[in-house]
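Notes to accompany the following structure.
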Amino acid sequence: MKIIATLMPAFFGSAMAASISPSAGHRTTAACVFSGSTGFDLISKGLSSCQDIVLSDLQVPAGKTLSLDKLTPGTSVTFTGNTTFPFVSSGWAGPLISISSSSKLTIRGLPSSLLYGSGEKYWDGLGQKGPITKPKFFQVHSLVDSVIDGVTIFNAPVQVFSINGCHNLTVTGVTVDNKAGDGDWKAGKGGRNTDAFDIGSSSEVVIDGAKVWNQDDCVAINSGTNITFRNGLCSGGHGLSIGSVGGRSDNTVQNVLFENSVIANSENGARIKTNYGTTGLVSNITYHNVELQNITKYGIMVDQSYGSSSKNAQPTNGVPITGFSLVNVTGNVLSTGTNIFVNCGDGSCEQWTWTDVDVEGGKKSSKCLRVPSGAWC
(Lines give C-alpha, C1' and ligand atoms only; values in the text may rest on other atoms or scores of the structure.)
Protein backbone atom coordinates (compact mmCIF):
# COMPACT_ATOMS: atom_id res chain seq x y z
CA MET A 1 0.00 0.00 0.00
CA LYS A 2 1.35 3.41 -0.92
CA ILE A 3 0.78 6.55 1.11
CA ILE A 4 1.17 9.58 -1.13
CA ALA A 5 3.06 12.22 0.85
CA THR A 6 1.69 15.28 -0.91
CA LEU A 7 -1.11 17.71 -0.30
CA MET A 8 -3.44 15.49 -2.31
CA PRO A 9 -5.35 12.87 -0.31
CA ALA A 10 -4.60 9.17 -0.61
CA PHE A 11 -7.73 7.09 -1.23
CA PHE A 12 -8.48 3.58 -0.02
CA GLY A 13 -11.69 1.86 -1.03
CA SER A 14 -14.20 3.10 -3.52
CA ALA A 15 -13.56 6.31 -5.44
CA MET A 16 -14.74 9.66 -4.15
CA ALA A 17 -16.00 12.54 -6.20
CA ALA A 18 -14.40 15.30 -4.13
CA SER A 19 -11.08 15.59 -2.37
CA ILE A 20 -10.75 16.51 1.29
CA SER A 21 -7.95 18.76 2.46
CA PRO A 22 -5.74 17.55 5.31
CA SER A 23 -6.58 19.11 8.65
CA ALA A 24 -4.58 21.99 10.01
CA GLY A 25 -1.33 20.92 11.64
CA HIS A 26 -0.65 18.09 9.18
CA ARG A 27 -0.17 19.96 5.91
CA THR A 28 2.95 18.03 4.94
CA THR A 29 1.17 14.68 5.06
CA ALA A 30 -1.56 13.33 2.82
CA ALA A 31 -5.05 12.71 4.15
CA CYS A 32 -5.71 8.97 4.04
CA VAL A 33 -9.29 8.47 2.90
CA PHE A 34 -11.07 5.18 3.63
CA SER A 35 -14.42 4.93 1.92
CA GLY A 36 -17.35 2.77 0.91
CA SER A 37 -17.70 -0.97 1.36
CA THR A 38 -14.03 -1.80 0.81
CA GLY A 39 -12.47 0.90 2.95
CA PHE A 40 -12.98 -0.92 6.25
CA ASP A 41 -10.69 -3.81 5.34
CA LEU A 42 -7.90 -1.39 4.49
CA ILE A 43 -8.04 0.65 7.68
CA SER A 44 -5.86 -1.63 9.79
CA LYS A 45 -3.14 -1.53 7.12
CA GLY A 46 -3.09 2.23 6.80
CA LEU A 47 -3.56 3.65 10.29
CA SER A 48 0.04 3.45 11.41
CA SER A 49 1.15 5.53 8.40
CA CYS A 50 -1.57 8.19 8.57
CA GLN A 51 -2.07 11.18 10.82
CA ASP A 52 -4.94 12.67 8.80
CA ILE A 53 -7.61 10.00 8.50
CA VAL A 54 -10.85 10.61 6.60
CA LEU A 55 -13.71 8.11 6.82
CA SER A 56 -16.04 8.86 3.92
CA ASP A 57 -19.39 7.07 3.58
CA LEU A 58 -17.71 4.12 5.27
CA GLN A 59 -19.72 0.91 5.42
CA VAL A 60 -18.66 -1.10 8.46
CA PRO A 61 -19.37 -4.84 8.14
CA ALA A 62 -22.07 -6.26 10.40
CA GLY A 63 -20.78 -7.33 13.80
CA LYS A 64 -17.45 -5.53 13.42
CA THR A 65 -15.98 -2.71 15.52
CA LEU A 66 -14.53 0.29 13.75
CA SER A 67 -11.34 0.21 15.81
CA LEU A 68 -9.24 3.35 15.85
CA ASP A 69 -7.35 2.48 19.01
CA LYS A 70 -3.74 3.43 19.72
CA LEU A 71 -3.55 6.05 16.99
CA THR A 72 -0.34 8.05 16.73
CA PRO A 73 -0.57 11.06 19.08
CA GLY A 74 -1.70 14.15 17.17
CA THR A 75 -3.80 12.22 14.65
CA SER A 76 -6.93 13.77 13.15
CA VAL A 77 -9.95 11.60 12.27
CA THR A 78 -12.71 13.12 10.13
CA PHE A 79 -16.11 11.58 9.40
CA THR A 80 -17.82 12.70 6.20
CA GLY A 81 -21.01 11.37 4.63
CA ASN A 82 -22.82 8.49 6.32
CA THR A 83 -20.89 5.95 8.34
CA THR A 84 -23.16 2.90 8.61
CA PHE A 85 -23.30 -0.03 11.03
CA PRO A 86 -25.71 -2.77 9.88
CA PHE A 87 -28.14 -4.67 12.08
CA VAL A 88 -27.00 -8.04 13.47
CA SER A 89 -30.07 -10.23 13.92
CA SER A 90 -28.36 -12.51 16.45
CA GLY A 91 -27.17 -9.52 18.46
CA TRP A 92 -23.74 -8.49 19.64
CA ALA A 93 -22.25 -6.27 22.34
CA GLY A 94 -20.19 -3.88 20.21
CA PRO A 95 -18.88 -1.28 20.53
CA LEU A 96 -19.59 0.01 17.05
CA ILE A 97 -16.63 2.42 17.32
CA SER A 98 -13.63 2.45 19.64
CA ILE A 99 -11.18 5.34 19.77
CA SER A 100 -8.99 4.71 22.78
CA SER A 101 -5.50 4.72 24.27
CA SER A 102 -3.93 7.77 22.66
CA SER A 103 -3.41 11.52 23.12
CA LYS A 104 -3.83 14.82 21.30
CA LEU A 105 -6.41 13.42 18.90
CA THR A 106 -8.98 15.48 17.01
CA ILE A 107 -12.12 13.53 16.10
CA ARG A 108 -14.57 15.53 14.02
CA GLY A 109 -17.71 15.14 12.00
CA LEU A 110 -18.15 17.41 9.02
CA PRO A 111 -21.50 19.19 8.53
CA SER A 112 -24.23 16.81 7.29
CA SER A 113 -22.21 13.74 8.26
CA LEU A 114 -23.72 11.15 10.58
CA LEU A 115 -22.95 7.82 12.20
CA TYR A 116 -25.93 5.51 11.73
CA GLY A 117 -26.35 2.65 14.20
CA SER A 118 -29.47 0.89 12.81
CA GLY A 119 -31.04 1.26 16.24
CA GLU A 120 -34.61 1.08 14.97
CA LYS A 121 -33.99 -2.55 14.03
CA TYR A 122 -32.83 -3.41 17.56
CA TRP A 123 -35.37 -1.46 19.59
CA ASP A 124 -37.91 -3.61 21.39
CA GLY A 125 -38.73 -1.48 24.43
CA LEU A 126 -36.48 -3.68 26.58
CA GLY A 127 -33.03 -2.20 26.03
CA GLN A 128 -30.28 -4.30 27.56
CA LYS A 129 -32.81 -6.78 28.93
CA GLY A 130 -34.15 -7.73 25.52
CA PRO A 131 -33.85 -11.13 23.84
CA ILE A 132 -30.82 -10.08 21.80
CA THR A 133 -27.70 -8.23 22.90
CA LYS A 134 -27.55 -4.69 21.56
CA PRO A 135 -24.24 -3.00 20.74
CA LYS A 136 -23.01 0.06 22.56
CA PHE A 137 -21.97 2.78 20.16
CA PHE A 138 -18.89 4.89 20.81
CA GLN A 139 -16.16 3.79 23.22
CA VAL A 140 -13.81 6.60 24.24
CA HIS A 141 -11.34 5.19 26.75
CA SER A 142 -7.96 6.42 27.98
CA LEU A 143 -7.77 9.50 25.76
CA VAL A 144 -5.64 12.45 26.91
CA ASP A 145 -5.65 16.07 25.66
CA SER A 146 -8.13 15.25 22.88
CA VAL A 147 -11.15 16.78 21.14
CA ILE A 148 -14.36 15.31 19.70
CA ASP A 149 -16.22 17.87 17.61
CA GLY A 150 -19.35 17.98 15.47
CA VAL A 151 -20.12 14.26 15.50
CA THR A 152 -23.76 13.25 14.89
CA ILE A 153 -25.07 9.91 16.16
CA PHE A 154 -28.30 8.67 14.58
CA ASN A 155 -30.41 5.80 15.97
CA ALA A 156 -28.11 4.28 18.57
CA PRO A 157 -29.17 0.76 19.66
CA VAL A 158 -28.35 1.41 23.35
CA GLN A 159 -25.73 3.54 25.16
CA VAL A 160 -23.92 6.07 22.99
CA PHE A 161 -20.68 7.57 24.39
CA SER A 162 -18.77 5.60 27.01
CA ILE A 163 -16.10 7.96 28.35
CA ASN A 164 -13.74 6.22 30.74
CA GLY A 165 -10.21 6.84 31.95
CA CYS A 166 -9.93 10.10 29.99
CA HIS A 167 -8.12 13.30 30.97
CA ASN A 168 -8.54 16.74 29.43
CA LEU A 169 -11.16 15.67 26.90
CA THR A 170 -13.31 18.30 25.16
CA VAL A 171 -16.52 17.30 23.37
CA THR A 172 -18.16 20.07 21.33
CA GLY A 173 -21.20 20.33 19.08
CA VAL A 174 -22.18 16.67 19.31
CA THR A 175 -25.71 15.56 18.38
CA VAL A 176 -27.39 12.35 19.53
CA ASP A 177 -30.58 11.90 17.53
CA ASN A 178 -32.65 9.02 18.85
CA LYS A 179 -35.99 10.75 18.38
CA ALA A 180 -37.25 7.78 16.39
CA GLY A 181 -36.73 5.63 19.50
CA ASP A 182 -39.63 7.22 21.38
CA GLY A 183 -42.16 4.42 21.68
CA ASP A 184 -44.42 2.48 24.01
CA TRP A 185 -42.15 0.13 25.96
CA LYS A 186 -45.13 -1.91 27.14
CA ALA A 187 -45.99 -2.55 23.51
CA GLY A 188 -42.45 -3.73 22.83
CA LYS A 189 -41.46 -0.59 20.96
CA GLY A 190 -38.84 2.07 21.28
CA GLY A 191 -35.30 2.58 22.45
CA ARG A 192 -34.24 2.03 26.03
CA ASN A 193 -30.95 2.40 27.95
CA THR A 194 -29.87 4.89 25.31
CA ASP A 195 -27.70 7.03 27.63
CA ALA A 196 -25.95 9.75 25.64
CA PHE A 197 -22.84 10.26 27.81
CA ASP A 198 -21.76 7.75 30.45
CA ILE A 199 -18.67 9.06 32.25
CA GLY A 200 -16.39 7.14 34.59
CA SER A 201 -12.93 7.58 36.15
CA SER A 202 -12.22 10.66 34.05
CA SER A 203 -11.01 14.18 34.81
CA GLU A 204 -11.11 17.59 33.14
CA VAL A 205 -13.92 16.64 30.76
CA VAL A 206 -15.95 19.40 29.05
CA ILE A 207 -19.07 18.68 26.99
CA ASP A 208 -20.20 21.88 25.27
CA GLY A 209 -23.18 22.46 22.99
CA ALA A 210 -24.51 18.90 22.90
CA LYS A 211 -28.02 18.25 21.56
CA VAL A 212 -29.53 15.01 22.78
CA TRP A 213 -32.83 13.29 22.03
CA ASN A 214 -32.90 9.90 23.74
CA GLN A 215 -34.67 7.61 26.21
CA ASP A 216 -32.30 7.48 29.19
CA ASP A 217 -29.77 9.70 30.95
CA CYS A 218 -28.54 12.63 28.90
CA VAL A 219 -25.44 12.54 31.10
CA ALA A 220 -24.65 9.97 33.81
CA ILE A 221 -21.46 10.56 35.80
CA ASN A 222 -20.62 7.44 37.77
CA SER A 223 -17.14 8.61 38.83
CA GLY A 224 -14.75 11.39 37.93
CA THR A 225 -13.56 14.89 38.81
CA ASN A 226 -13.76 18.33 37.24
CA ILE A 227 -16.47 17.60 34.69
CA THR A 228 -18.54 20.27 32.94
CA PHE A 229 -21.66 20.00 30.76
CA ARG A 230 -22.78 23.35 29.35
CA ASN A 231 -24.94 24.95 26.65
CA GLY A 232 -26.76 21.68 26.09
CA LEU A 233 -30.22 20.46 25.18
CA CYS A 234 -31.49 17.20 26.68
CA SER A 235 -34.87 15.97 25.48
CA GLY A 236 -36.93 12.85 26.02
CA GLY A 237 -34.62 11.06 28.44
CA HIS A 238 -33.86 10.95 32.16
CA GLY A 239 -32.11 14.29 32.59
CA LEU A 240 -28.68 15.32 33.88
CA SER A 241 -27.58 12.75 36.43
CA ILE A 242 -24.90 12.07 38.97
CA GLY A 243 -24.70 8.32 39.37
CA SER A 244 -25.58 5.95 40.18
CA VAL A 245 -22.55 6.13 42.50
CA GLY A 246 -21.30 3.23 44.62
CA GLY A 247 -20.47 -0.43 44.15
CA ARG A 248 -17.80 0.08 41.49
CA SER A 249 -14.00 0.19 41.61
CA ASP A 250 -14.15 4.01 41.51
CA ASN A 251 -16.90 5.62 43.56
CA THR A 252 -15.99 9.30 43.75
CA VAL A 253 -17.66 12.15 41.87
CA GLN A 254 -16.26 15.61 42.60
CA ASN A 255 -16.44 19.09 41.09
CA VAL A 256 -19.18 18.78 38.50
CA LEU A 257 -20.89 21.71 36.78
CA PHE A 258 -24.05 21.56 34.69
CA GLU A 259 -24.83 25.00 33.32
CA ASN A 260 -26.75 27.03 30.74
CA SER A 261 -28.78 24.03 29.58
CA VAL A 262 -32.35 22.96 28.90
CA ILE A 263 -33.89 19.66 29.99
CA ALA A 264 -37.17 19.13 28.13
CA ASN A 265 -39.86 16.45 27.93
CA SER A 266 -37.80 14.20 30.18
CA GLU A 267 -38.57 11.96 33.15
CA ASN A 268 -36.21 13.87 35.44
CA GLY A 269 -34.44 17.19 35.51
CA ALA A 270 -31.55 17.34 38.00
CA ARG A 271 -30.86 13.97 39.62
CA ILE A 272 -28.35 12.47 42.05
CA LYS A 273 -28.60 8.76 42.79
CA THR A 274 -26.33 6.79 45.12
CA ASN A 275 -26.51 3.04 45.38
CA TYR A 276 -28.03 1.43 48.43
CA GLY A 277 -25.60 -0.11 50.91
CA THR A 278 -22.43 1.04 49.13
CA THR A 279 -19.63 3.52 49.84
CA GLY A 280 -18.20 6.47 47.96
CA LEU A 281 -18.36 10.26 47.78
CA VAL A 282 -20.33 12.89 45.85
CA SER A 283 -19.13 16.45 46.43
CA ASN A 284 -19.25 19.92 44.89
CA ILE A 285 -22.06 19.39 42.39
CA THR A 286 -23.57 22.50 40.79
CA TYR A 287 -26.54 23.00 38.47
CA HIS A 288 -26.47 26.63 37.26
CA ASN A 289 -28.93 28.26 34.88
CA VAL A 290 -30.80 25.08 34.05
CA GLU A 291 -34.31 25.28 32.60
CA LEU A 292 -36.78 22.43 33.03
CA GLN A 293 -39.59 22.00 30.52
CA ASN A 294 -42.45 19.51 30.90
CA ILE A 295 -40.71 17.08 33.24
CA THR A 296 -42.85 14.00 33.76
CA LYS A 297 -41.50 12.45 36.98
CA TYR A 298 -39.15 14.51 39.18
CA GLY A 299 -37.94 18.05 38.61
CA ILE A 300 -35.19 17.66 41.22
CA MET A 301 -34.43 14.29 42.74
CA VAL A 302 -31.87 12.99 45.22
CA ASP A 303 -32.12 9.33 46.19
CA GLN A 304 -29.72 7.49 48.52
CA SER A 305 -31.59 4.19 48.27
CA TYR A 306 -31.11 3.66 44.54
CA GLY A 307 -30.91 0.04 43.44
CA SER A 308 -32.45 -1.42 46.59
CA SER A 309 -34.45 -4.59 46.08
CA SER A 310 -37.10 -3.23 48.44
CA LYS A 311 -39.40 -0.34 47.57
CA ASN A 312 -39.51 0.70 51.22
CA ALA A 313 -35.78 0.50 51.93
CA GLN A 314 -34.38 3.27 54.09
CA PRO A 315 -31.67 5.38 52.40
CA THR A 316 -28.12 4.55 53.41
CA ASN A 317 -25.30 6.97 54.22
CA GLY A 318 -22.23 5.28 52.74
CA VAL A 319 -22.03 7.76 49.83
CA PRO A 320 -22.24 11.26 51.33
CA ILE A 321 -23.53 14.10 49.14
CA THR A 322 -21.82 17.34 50.20
CA GLY A 323 -21.69 20.72 48.53
CA PHE A 324 -24.78 20.37 46.32
CA SER A 325 -25.65 23.76 44.76
CA LEU A 326 -28.62 24.72 42.63
CA VAL A 327 -28.54 28.23 41.19
CA ASN A 328 -31.35 29.53 38.97
CA VAL A 329 -32.89 26.14 38.30
CA THR A 330 -36.42 26.83 37.10
CA GLY A 331 -39.25 25.34 35.09
CA ASN A 332 -42.25 23.09 35.19
CA VAL A 333 -43.21 19.54 36.02
CA LEU A 334 -46.39 17.97 34.68
CA SER A 335 -49.25 17.65 37.16
CA THR A 336 -48.71 13.89 37.44
CA GLY A 337 -45.07 14.38 38.45
CA THR A 338 -43.30 15.61 41.59
CA ASN A 339 -41.49 18.92 41.82
CA ILE A 340 -38.77 17.92 44.29
CA PHE A 341 -37.91 14.66 46.05
CA VAL A 342 -35.06 14.30 48.57
CA ASN A 343 -34.30 10.96 50.21
CA CYS A 344 -31.14 11.22 52.32
CA GLY A 345 -29.41 8.83 54.69
CA ASP A 346 -28.56 9.70 58.28
CA GLY A 347 -26.08 12.59 58.26
CA SER A 348 -25.02 12.02 54.65
CA CYS A 349 -26.41 15.18 53.00
CA GLU A 350 -24.64 18.35 54.06
CA GLN A 351 -23.63 21.82 52.84
CA TRP A 352 -26.39 22.23 50.30
CA THR A 353 -27.12 25.67 48.89
CA TRP A 354 -30.13 26.30 46.68
CA THR A 355 -30.67 29.80 45.27
CA ASP A 356 -33.38 31.01 42.88
CA VAL A 357 -34.86 27.54 42.53
CA ASP A 358 -38.42 27.61 41.20
CA VAL A 359 -39.87 24.30 40.04
CA GLU A 360 -43.65 24.10 39.90
CA GLY A 361 -46.63 22.42 38.27
CA GLY A 362 -46.18 19.01 39.86
CA LYS A 363 -47.03 17.55 43.25
CA LYS A 364 -45.36 18.33 46.55
CA SER A 365 -43.79 15.16 47.94
CA SER A 366 -44.83 13.90 51.37
CA LYS A 367 -42.08 11.28 51.42
CA CYS A 368 -38.94 13.38 51.61
CA LEU A 369 -36.48 12.31 54.29
CA ARG A 370 -33.70 14.20 56.08
CA VAL A 371 -33.73 17.28 53.86
CA PRO A 372 -30.62 19.27 54.79
CA SER A 373 -30.48 22.94 55.68
CA GLY A 374 -30.26 25.11 52.58
CA ALA A 375 -32.64 22.91 50.56
CA TRP A 376 -36.34 22.10 50.64
CA CYS A 377 -38.87 19.61 49.41
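Naming works like this for the C-alpha coordinates: A, B, ... for the chains as they're shown, residue 1 at the start of each chain, ligands 1 onward in shown order.
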
Residues within 9 Å of Gly127 (chain A), please, as a PDB file with N, CA, C and O atoms, in the first residue's frame. Count only C-alpha atoms; anything in the same chain fewer than 6 positions from it doesn't count.
```pdb
ATOM      1  N   THR A 133     -28.648  -9.220  22.404  1.00  0.00           N
ATOM      2  CA  THR A 133     -27.702  -8.232  22.896  1.00  0.00           C
ATOM      3  C   THR A 133     -27.592  -7.086  21.897  1.00  0.00           C
ATOM      4  O   THR A 133     -27.488  -7.311  20.693  1.00  0.00           O
ATOM      5  N   LYS A 134     -27.616  -5.878  22.412  1.00  0.00           N
ATOM      6  CA  LYS A 134     -27.552  -4.690  21.560  1.00  0.00           C
ATOM      7  C   LYS A 134     -26.199  -4.019  21.731  1.00  0.00           C
ATOM      8  O   LYS A 134     -25.703  -3.876  22.852  1.00  0.00           O
ATOM      9  N   PRO A 157     -28.429   1.892  19.096  1.00  0.00           N
ATOM     10  CA  PRO A 157     -29.174   0.763  19.657  1.00  0.00           C
ATOM     11  C   PRO A 157     -29.371   0.872  21.175  1.00  0.00           C
ATOM     12  O   PRO A 157     -30.473   0.685  21.679  1.00  0.00           O
ATOM     13  N   VAL A 158     -28.281   1.158  21.905  1.00  0.00           N
ATOM     14  CA  VAL A 158     -28.354   1.414  23.347  1.00  0.00           C
ATOM     15  C   VAL A 158     -27.385   2.567  23.667  1.00  0.00           C
ATOM     16  O   VAL A 158     -27.390   3.558  22.968  1.00  0.00           O
ATOM     17  N   GLY A 190     -39.636   0.948  20.840  1.00  0.00           N
ATOM     18  CA  GLY A 190     -38.840   2.074  21.278  1.00  0.00           C
ATOM     19  C   GLY A 190     -37.493   1.719  21.860  1.00  0.00           C
ATOM     20  O   GLY A 190     -37.222   0.590  22.266  1.00  0.00           O
ATOM     21  N   GLY A 191     -36.627   2.739  21.880  1.00  0.00           N
ATOM     22  CA  GLY A 191     -35.298   2.579  22.449  1.00  0.00           C
ATOM     23  C   GLY A 191     -35.334   2.654  23.964  1.00  0.00           C
ATOM     24  O   GLY A 191     -36.214   3.280  24.558  1.00  0.00           O
ATOM     25  N   ARG A 192     -34.353   2.022  24.574  1.00  0.00           N
ATOM     26  CA  ARG A 192     -34.238   2.028  26.034  1.00  0.00           C
ATOM     27  C   ARG A 192     -32.761   1.864  26.393  1.00  0.00           C
ATOM     28  O   ARG A 192     -32.003   1.278  25.634  1.00  0.00           O
ATOM     29  N   ASN A 193     -32.368   2.413  27.544  1.00  0.00           N
ATOM     30  CA  ASN A 193     -30.951   2.397  27.949  1.00  0.00           C
ATOM     31  C   ASN A 193     -30.072   3.101  26.932  1.00  0.00           C
ATOM     32  O   ASN A 193     -28.931   2.705  26.688  1.00  0.00           O
ATOM     33  N   THR A 194     -30.597   4.167  26.354  1.00  0.00           N
ATOM     34  CA  THR A 194     -29.868   4.893  25.309  1.00  0.00           C
ATOM     35  C   THR A 194     -29.156   6.119  25.888  1.00  0.00           C
ATOM     36  O   THR A 194     -29.227   7.220  25.324  1.00  0.00           O
TER      37      THR A 194
END
```

Problem set entry | DSSP-assigned helix (DSSP H, G or I) among region 181-277 of chain A, expressed as a list of chain:residue names |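 Restricting region 181-277 of chain A to helix (DSSP H, G or I) produces A:Gly181, A:Trp185, A:Lys186, A:Ala187.
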
Those residues with N, CA, C and O atoms, as a CSV table (one decimal), in the first residue's frame please?
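selection05.csv was written with the following content:
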```csv
chain,number,residue,atom,x,y,z
A,181,GLY,N,-36.6,6.7,18.5
A,181,GLY,CA,-36.7,5.6,19.5
A,181,GLY,C,-37.8,5.9,20.5
A,181,GLY,O,-38.0,5.0,21.4
A,185,TRP,N,-42.9,1.3,25.5
A,185,TRP,CA,-42.2,0.1,26.0
A,185,TRP,C,-43.1,-1.1,26.2
A,185,TRP,O,-42.7,-2.2,25.9
A,186,LYS,N,-44.2,-0.8,26.8
A,186,LYS,CA,-45.1,-1.9,27.1
A,186,LYS,C,-45.6,-2.6,25.9
A,186,LYS,O,-46.0,-3.8,26.0
A,187,ALA,N,-45.6,-1.9,24.8
A,187,ALA,CA,-46.0,-2.6,23.5
A,187,ALA,C,-44.8,-3.1,22.8
A,187,ALA,O,-44.9,-3.6,21.6
```

For this session: Have a look at CA of Asp57 (chain A) and CA of Thr170 (chain A) and let me know their distance in Å, one decimal.
Result: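 That distance, rounded to one decimal, is 25.1 Å.
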
Exercise. Any idea what's packed within 10 Å of Asp41 (chain A), counting only C-alpha atoms, ignoring anything in its chain fewer than 2 positions away? Could you give it as an MDAnalysis selection string?
Worked result: chainID A and resid 12:13 34 37:39 43:46 60:61

Exercise. Could you pull the residues within 12 Å of Val171 (chain A), counting only C-alpha atoms, minus those fewer than 3 positions along the same chain, as a PyMOL selection string?
Worked result: chain A and resi 105-109+140+143+145-152+161+163+166+168+174-175+197+204-211+227-232

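Of the residues listed (A:Asn268, A:Asn275, A:Ser90, A:Gln128), A:Asn268 shows the shortest atom-to-atom separation from Glu291 (chain A); distances use only C-alpha atoms.
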
For this session: Can you pull out every residue within 10 Å of Ser67 (chain A), counting only C-alpha atoms, but drop anything in the same chain fewer than 4 positions away, and send it as a PyMOL selection string?
Result: chain A and resi 40+43-44+71+95-100+139

Problem set entry | Shell around Ser162 (chain A) at 9 Å using only C-alpha atoms, local window under 4 positions removed, as a list in words | Lys136, Phe137, Phe138, Gln139, Val140, His141, Ala196, Phe197, Asp198, Ile199 and Gly200 of chain A

Store the residues picked out above in a file with N, CA, C and O atoms, as a PDB file, in the first residue's frame.
```
ATOM      1  N   LYS A 136     -23.293  -1.315  22.179  1.00  0.00           N
ATOM      2  CA  LYS A 136     -23.009   0.060  22.558  1.00  0.00           C
ATOM      3  C   LYS A 136     -22.322   0.751  21.383  1.00  0.00           C
ATOM      4  O   LYS A 136     -21.741   0.105  20.524  1.00  0.00           O
ATOM      5  N   PHE A 137     -22.382   2.072  21.375  1.00  0.00           N
ATOM      6  CA  PHE A 137     -21.973   2.780  20.161  1.00  0.00           C
ATOM      7  C   PHE A 137     -20.511   3.223  20.158  1.00  0.00           C
ATOM      8  O   PHE A 137     -19.701   2.694  19.401  1.00  0.00           O
ATOM      9  N   PHE A 138     -20.138   4.169  20.994  1.00  0.00           N
ATOM     10  CA  PHE A 138     -18.889   4.892  20.806  1.00  0.00           C
ATOM     11  C   PHE A 138     -18.059   4.801  22.082  1.00  0.00           C
ATOM     12  O   PHE A 138     -18.330   5.477  23.065  1.00  0.00           O
ATOM     13  N   GLN A 139     -17.031   3.970  22.056  1.00  0.00           N
ATOM     14  CA  GLN A 139     -16.159   3.788  23.221  1.00  0.00           C
ATOM     15  C   GLN A 139     -14.985   4.767  23.142  1.00  0.00           C
ATOM     16  O   GLN A 139     -14.207   4.749  22.197  1.00  0.00           O
ATOM     17  N   VAL A 140     -14.892   5.606  24.160  1.00  0.00           N
ATOM     18  CA  VAL A 140     -13.811   6.595  24.239  1.00  0.00           C
ATOM     19  C   VAL A 140     -13.089   6.361  25.557  1.00  0.00           C
ATOM     20  O   VAL A 140     -13.487   6.880  26.603  1.00  0.00           O
ATOM     21  N   HIS A 141     -12.036   5.567  25.527  1.00  0.00           N
ATOM     22  CA  HIS A 141     -11.340   5.187  26.754  1.00  0.00           C
ATOM     23  C   HIS A 141      -9.876   5.616  26.695  1.00  0.00           C
ATOM     24  O   HIS A 141      -9.224   5.521  25.652  1.00  0.00           O
ATOM     25  N   ALA A 196     -26.784   9.025  26.610  1.00  0.00           N
ATOM     26  CA  ALA A 196     -25.955   9.749  25.644  1.00  0.00           C
ATOM     27  C   ALA A 196     -24.491   9.776  26.063  1.00  0.00           C
ATOM     28  O   ALA A 196     -23.601   9.456  25.273  1.00  0.00           O
ATOM     29  N   PHE A 197     -24.218  10.168  27.328  1.00  0.00           N
ATOM     30  CA  PHE A 197     -22.841  10.261  27.813  1.00  0.00           C
ATOM     31  C   PHE A 197     -22.736   9.565  29.167  1.00  0.00           C
ATOM     32  O   PHE A 197     -23.261  10.067  30.168  1.00  0.00           O
ATOM     33  N   ASP A 198     -22.087   8.435  29.201  1.00  0.00           N
ATOM     34  CA  ASP A 198     -21.764   7.752  30.455  1.00  0.00           C
ATOM     35  C   ASP A 198     -20.291   8.019  30.757  1.00  0.00           C
ATOM     36  O   ASP A 198     -19.408   7.690  29.952  1.00  0.00           O
ATOM     37  N   ILE A 199     -20.023   8.614  31.932  1.00  0.00           N
ATOM     38  CA  ILE A 199     -18.667   9.056  32.255  1.00  0.00           C
ATOM     39  C   ILE A 199     -18.189   8.359  33.516  1.00  0.00           C
ATOM     40  O   ILE A 199     -18.887   8.348  34.538  1.00  0.00           O
ATOM     41  N   GLY A 200     -16.972   7.807  33.438  1.00  0.00           N
ATOM     42  CA  GLY A 200     -16.390   7.144  34.593  1.00  0.00           C
ATOM     43  C   GLY A 200     -14.894   7.359  34.669  1.00  0.00           C
ATOM     44  O   GLY A 200     -14.210   7.412  33.638  1.00  0.00           O
TER      45      GLY A 200
END
```

Exercise. How many Å lie between CA of Ile53 (chain A) and CA of Thr75 (chain A), rounded to one decimal?
Worked result: 7.6 Å

For this session: Tell me, as a ChimeraX atom specification, which residues lie within 9 Å of region 302-313 of chain A, counting only C-alpha atoms; anything in the same chain fewer than 3 positions away does not count.
Result: /A:244,270-277,316-320,340-345,348

For this session: List every residue of region 284-318 of chain A that DSSP, applied to the backbone of this structure, places in strand (DSSP E or B), and write the result as a list in words.
Result: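 Across region 284-318 of chain A, those assigned strand (DSSP E or B) are Asn284, Ile285, Thr286, Tyr287, His288, Asn289, Val290, Glu291, Leu292, Gln293, Asn294, Ile295, Tyr298, Gly299, Ile300, Met301, Val302, Asp303, Gln304, Ser305 and Tyr306 of chain A.
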
Problem set entry | Å distance separating CA of Asp216 (chain A) from CA of Glu267 (chain A), one decimal place |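 Between CA of Asp216 (chain A) and CA of Glu267 (chain A) the gap works out to 8.7 Å.
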
Exercise. Smallest atom-to-atom distance to Thr278 (chain A): which of A:Ile321, A:Ala220, A:Ala264, A:Val245, using only C-alpha atoms?
Worked result: A:Val245

For this session: Kindly indicate which residue among A:Phe324, A:His238, A:Asn284, A:Cys368 lies nearest to Lys297 (chain A), using only C-alpha atoms for the distances.
Result: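 Looking at the shortest contact to Lys297 (chain A), the residue is A:His238.
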
For this session: Would you mind telling me which residue in A:Ser102, A:Thr355, A:Thr80, A:Thr286 lies nearest to Leu68 (chain A) when using only C-alpha atoms?
Result: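 Closest to Leu68 (chain A), using only C-alpha atoms: A:Ser102.
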